[in-house]
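Beneath this line is the structure, given in structure tokens, with notes to follow.
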Amino acid sequence: MKRYKAILALLILLILVLGVIRVGISNRISTGGVELGTIEDEISFYRTQNLIYKEKIYTLSSLNHISSEAAKVGFVDSKASLAIGSSLPIAAR
Amino acid sequence: MALRLRISLLALVLGFVLILLRLFYWQVVKASELSQLGVEQYGAVRKIVPQRGDILASDGFPLATSKITYQVYANTKVVEKVDQTSSLLSTILDMDEASIAAKLSLDKYWIGIKNGVDAESKSKIEALKIPGIGFEQEYSRFYPEASMAANLLGFVGKDNLGDNKGYFGIEGYYDRLLHGKEGSAIEIMDATGRPILARADSNSNGVDGGSLVLNIDRSIQFLVDRKLKSAVEKYGAESGMIGVIEPKTGKILAMASYPSFDPANYSKFPSDSYINHFVSSLYEPGSTFKPLVMSAALNENKVTANTKCPSCEGPVSVGGYDLHTWNDKYYPNTTMTEVIQHSDNTGMVYVAQQLGLDKMLEYINKFGIGKLTGIDVQGETSPEIKPKDQWYAVDLATTGFGQGINVTPIELLTAFASIANDGKMMKPHLVSEIRYPDGKKTDVSPQEVGRPISTENAKVMTEILVNAVNKGEASYMRLKGYRVAGKTGTASIPVQGHYDPTKTIASFEGFAPADDPKFAMIVIFNKPTAAIYGAETAAPVFFDIAQNILNYYHIPPSQ
């Protein structure tokens, strides 16, 4: 009889301890959703920023842009190209 | 007593059966409908549009990609000063103030004002802190190289449900792959139907679109686009086309049509400009067809490079028609090499007659004329080759010099490139790799589609074409030090049963270096006005581009 009482007391104690632990953990993680939301928002923000920067990089590194910038600073198409034949020029003496 | 009990029991059982049936009706038969009604009551299903896949050049640079834009919307119940808000928005969004004011005057929780607004404009509006104005992020198509290869790429428009859809070119051909799979999310509403500021459920089953890596070489495409545009303007042509292929693999290195359009603003251009004429338009090729007929005759041992033409001393009469040379100059006893060199129509009539109708039709088929090449781009067409019993003697004769038969430029380039590839014809293809969103990749391998002529005859034909470049009409333009094989073409245009005497299609096809070809190219001008001959219009453009490509590939002169 005494043994049963002890087991019962132990079980009640266990329930109380587990209850307190649960309250503690719940309390700790209750704001986790907000933190997760903030992290997700940050990820989304950086993803957006990446795409915006990518767009700028692609625009600036496109051949269209490079050629127009080159033309502005004076680069023009070569009108004639020099070709050296198979016999290389050698000084006569 | 027992009877009353039984009746009561029966009534109870019947009642339970009825309840069970009703439960079955609501829980099973009407379950999905009720579930849907429930969802509609507390939220709205929102479509999650997948990010469209990229189209990349062979160097990995995107020719078409997605960029973030925003849809500007308003909650008109919160907007305070309609006139002031309209004025501010109209300046930043470049819209008519009255149309914004009209939208803001409506009594709505949500109304769209403008789509495709860039991040810079969004920041400007945000800085104004206008009450009731919000932004919805969306993806728009972005073309970093602007209108480069526009006819090849196509564009992304809307279908009849308002969803993104690729039209023309690669966007059209690979639309399903590029588009991906739409997902869905539930946006929770309050009792009055206003969206609650909560994250939409992102656990959707959507999949982003796959990406394509093309064989298109960005540098060559840029060069070709630029040269074509300036040449069409210089020669006063109605339009022009250029295609460059790698003969050994069938990889398309560049393909351009002009006039073209800007795929980002396609609606501002006439719909005709969307068409990729290189695969969609038929034309009579004229003298650029001669190498195919001559190759066939060489392959059938009907002629050799030194065979002399016995009927080339003057115009040839066939079926009541007198067939002349293009300049009315005649070369008695001319060899087959010289027939190509002088682009001699009477010589080609002799070759066609030696070949005969059966063999002519056989080789037309072997070279893929009249069949789709299978190039992976939307809108490819193919001419119909007349059945044998509808061919007259004059048809066989004119086909010898490329009149009276239709081709598409891609058909001709594919067939001609087989001469550069030891007689092996490769399937032209644009995509070299498909990249899926899960990281998997699929390579597209070169595919041999036929062997119309032998290696030996391909080499003989190559020498004939090198001679044509060195001694033919366009010899003054040839590249010093390089062996280039090529042929000019000046085709008459059929108009209502006869040929227009003033208008031509001027072209030049060739490959280089002749002994180990890295590329084959065809340049076509439709109705040039400054000069009508291929030697004076298409040939200079061909040699100009060829020189640049040889330099780009670091190929030194061989002679």
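Labels used: A, B, ... for chains in the order of the structure tokens, numbers from 1 for residues in each chain, and numbers from 1 for ligands as shown.
Taking only C-alpha atoms, the non-local environment of range 53-60 of chain A within 8 Å (same-chain residues fewer than 6 positions away omitted) comprises Ile66 of chain A; Phe61, Pro62, Lys67, Pro144 and Glu145 of chain B.
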If you keep C-alpha atoms, can you produce a file of those selected residues as a PDB file, in the first residue's frame?
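Produced file out12.pdb, reproduced below:
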```
ATOM      1  CA  ILE A  66      30.363  47.469 -74.086  1.00  0.00           C
TER       2      ILE A  66
ATOM      3  CA  PHE B  61      25.610  34.761 -70.627  1.00  0.00           C
ATOM      4  CA  PRO B  62      21.817  35.101 -70.568  1.00  0.00           C
ATOM      5  CA  LYS B  67      13.992  40.200 -63.643  1.00  0.00           C
ATOM      6  CA  PRO B 144      20.394  41.896 -71.522  1.00  0.00           C
ATOM      7  CA  GLU B 145      21.497  42.053 -75.167  1.00  0.00           C
TER       8      GLU B 145
END
```
Exercise. DSSP on the backbone, then: every residue of range 388-470 of chain B marked strand (DSSP E), written as a PyMOL selection string.
Key: chain B and resi 425-426+431-435+441-443+448-450
Self-check item: Residue neighbourhood Val45 in chain B, 8 Å, only C-alpha atoms, exclusion window fewer than 5 positions, as a ChimeraX atom specification
Solution: /B:40,184-187
Residues of chain B that have any atom at most 9 Å from an atom of chain A: could you tabulate them with the shortest-distance atom pair and the distance in Å to one decimal, using only C-alpha atoms, ordered by chain and increasing number, as a Markdown table?
```
| residue | atom | partner | partner_atom | distance |
| --- | --- | --- | --- | --- |
| B:Phe61 | CA | A:Tyr58 | CA | 7.9 |
| B:Pro62 | CA | A:Tyr58 | CA | 7.8 |
| B:Thr65 | CA | A:Glu55 | CA | 8.9 |
| B:Ser66 | CA | A:Leu51 | CA | 8.5 |
| B:Lys67 | CA | A:Leu51 | CA | 6.4 |
| B:Ile68 | CA | A:Leu51 | CA | 6.8 |
| B:Ala119 | CA | A:Ile52 | CA | 7.6 |
| B:Phe142 | CA | A:Glu55 | CA | 8.1 |
| B:Tyr143 | CA | A:Thr59 | CA | 8.7 |
| B:Pro144 | CA | A:Thr59 | CA | 5.2 |
| B:Glu145 | CA | A:Ser62 | CA | 5.7 |
| B:Ala146 | CA | A:Asn64 | CA | 7.6 |
| B:Met148 | CA | A:Asn64 | CA | 8.5 |
| B:Arg199 | CA | A:Gly37 | CA | 8.8 |
| B:Arg218 | CA | A:Leu63 | CA | 8.3 |
| B:Ser219 | CA | A:Leu63 | CA | 7.8 |
| B:Phe222 | CA | A:Leu63 | CA | 7.3 |
| B:Lys480 | CA | A:Ala83 | CA | 7.1 |
| B:Gly481 | CA | A:Gly85 | CA | 5.9 |
| B:Gln547 | CA | A:Ser81 | CA | 8.4 |
| B:Pro556 | CA | A:Ala83 | CA | 8.2 |
| B:Pro557 | CA | A:Gly85 | CA | 6.3 |
| B:Ser558 | CA | A:Ser86 | CA | 6.2 |
| B:Gln559 | CA | A:Ser86 | CA | 5.2 |
```
Next, dump the selected residues to file, keeping only C-alpha atoms, as a compact mmCIF listing (two decimals), in the first residue's frame.
```
# COMPACT_ATOMS: atom_id res chain seq x y z
CA PHE B 61 25.61 34.76 -70.63
CA PRO B 62 21.82 35.10 -70.57
CA THR B 65 16.31 35.89 -68.24
CA SER B 66 13.84 36.98 -65.56
CA LYS B 67 13.99 40.20 -63.64
CA ILE B 68 11.99 41.41 -60.68
CA ALA B 119 12.87 48.63 -58.49
CA PHE B 142 14.64 40.69 -69.45
CA TYR B 143 16.91 40.64 -72.52
CA PRO B 144 20.39 41.90 -71.52
CA GLU B 145 21.50 42.05 -75.17
CA ALA B 146 18.30 43.91 -76.14
CA MET B 148 20.16 40.60 -80.37
CA ARG B 199 2.15 35.17 -45.01
CA ARG B 218 27.38 35.58 -78.46
CA SER B 219 30.31 37.29 -80.17
CA PHE B 222 26.56 40.20 -82.15
CA LYS B 480 44.05 36.85 -98.85
CA GLY B 481 45.83 33.85 -97.41
CA GLN B 547 37.39 37.47 -91.76
CA PRO B 556 45.97 31.95 -89.22
CA PRO B 557 46.14 32.27 -93.03
CA SER B 558 47.27 29.02 -94.65
CA GLN B 559 48.79 30.43 -97.82
```
Quiz item: Which residues come within 12 Å of Asp322 in chain B, counting only C-alpha atoms, excluding same-chain residues fewer than 2 positions away, as a list in words?
Solution: Gly314, Pro315, Val316, Ser317, Val318, Gly319, Gly320, His324, Thr325, Asp328, Asn345, Thr346, Val349, Val394, Ala397 and Thr398 of chain B
Could you take the residues named above and write them with N, CA, C and O atoms, as a compact mmCIF listing (two decimals), in the first residue's frame?
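Result written to part28.txt:
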```
# COMPACT_ATOMS: atom_id res chain seq x y z
N GLY B 314 25.88 28.77 -126.42
CA GLY B 314 24.83 29.78 -126.56
C GLY B 314 23.62 29.39 -125.74
O GLY B 314 23.67 28.39 -125.01
N PRO B 315 22.53 30.18 -125.84
CA PRO B 315 21.32 29.85 -125.09
C PRO B 315 20.82 28.44 -125.41
O PRO B 315 20.98 27.97 -126.55
N VAL B 316 20.26 27.78 -124.41
CA VAL B 316 19.77 26.41 -124.60
C VAL B 316 18.25 26.45 -124.68
O VAL B 316 17.60 27.13 -123.89
N SER B 317 17.71 25.72 -125.65
CA SER B 317 16.26 25.68 -125.80
C SER B 317 15.73 24.38 -125.18
O SER B 317 16.14 23.29 -125.56
N VAL B 318 14.83 24.54 -124.20
CA VAL B 318 14.24 23.36 -123.53
C VAL B 318 12.74 23.57 -123.44
O VAL B 318 12.29 24.59 -122.88
N GLY B 319 11.99 22.63 -124.00
CA GLY B 319 10.53 22.67 -123.90
C GLY B 319 9.94 23.97 -124.41
O GLY B 319 8.94 24.44 -123.85
N GLY B 320 10.55 24.56 -125.42
CA GLY B 320 10.02 25.80 -125.98
C GLY B 320 10.51 27.06 -125.29
O GLY B 320 10.13 28.17 -125.65
N HIS B 324 19.09 31.31 -120.84
CA HIS B 324 20.31 32.11 -121.03
C HIS B 324 21.20 32.03 -119.80
O HIS B 324 20.80 31.58 -118.74
N THR B 325 22.43 32.57 -119.96
CA THR B 325 23.28 32.78 -118.78
C THR B 325 22.90 34.14 -118.18
O THR B 325 22.22 34.94 -118.82
N ASP B 328 24.57 36.78 -120.34
CA ASP B 328 24.55 36.46 -121.78
C ASP B 328 25.96 36.28 -122.36
O ASP B 328 26.17 36.52 -123.56
N ASN B 345 24.51 29.13 -116.34
CA ASN B 345 23.21 28.45 -116.32
C ASN B 345 23.13 27.34 -117.37
O ASN B 345 22.56 26.28 -117.13
N THR B 346 23.69 27.60 -118.57
CA THR B 346 23.59 26.60 -119.63
C THR B 346 24.39 25.34 -119.24
O THR B 346 23.98 24.22 -119.54
N VAL B 349 22.26 23.42 -116.94
CA VAL B 349 21.17 22.72 -117.65
C VAL B 349 21.71 21.38 -118.15
O VAL B 349 21.07 20.33 -117.99
N VAL B 394 11.52 21.47 -118.87
CA VAL B 394 12.06 22.78 -118.50
C VAL B 394 12.23 22.91 -116.97
O VAL B 394 13.13 23.61 -116.49
N ALA B 397 15.51 21.39 -116.12
CA ALA B 397 16.60 22.27 -116.57
C ALA B 397 16.77 23.47 -115.63
O ALA B 397 17.89 23.78 -115.22
N THR B 398 15.67 24.13 -115.24
CA THR B 398 15.79 25.33 -114.39
C THR B 398 16.20 24.96 -112.95
O THR B 398 16.87 25.75 -112.28
```
Near Tyr436 in chain B, counting only C-alpha atoms, which residues have an atom at most 8 Å away, once you skip same-chain residues fewer than 6 positions from it, shown as a JSON list (two decimals) with C-alpha atoms, in the first residue's frame?
```
[["chain", "number", "residue", "atom", "x", "y", "z"],
["B", 209, "GLY", "CA", 11.16, 26.57, -65.39],
["B", 210, "GLY", "CA", 14.23, 24.85, -66.83],
["B", 211, "SER", "CA", 17.01, 26.76, -68.58]]
```
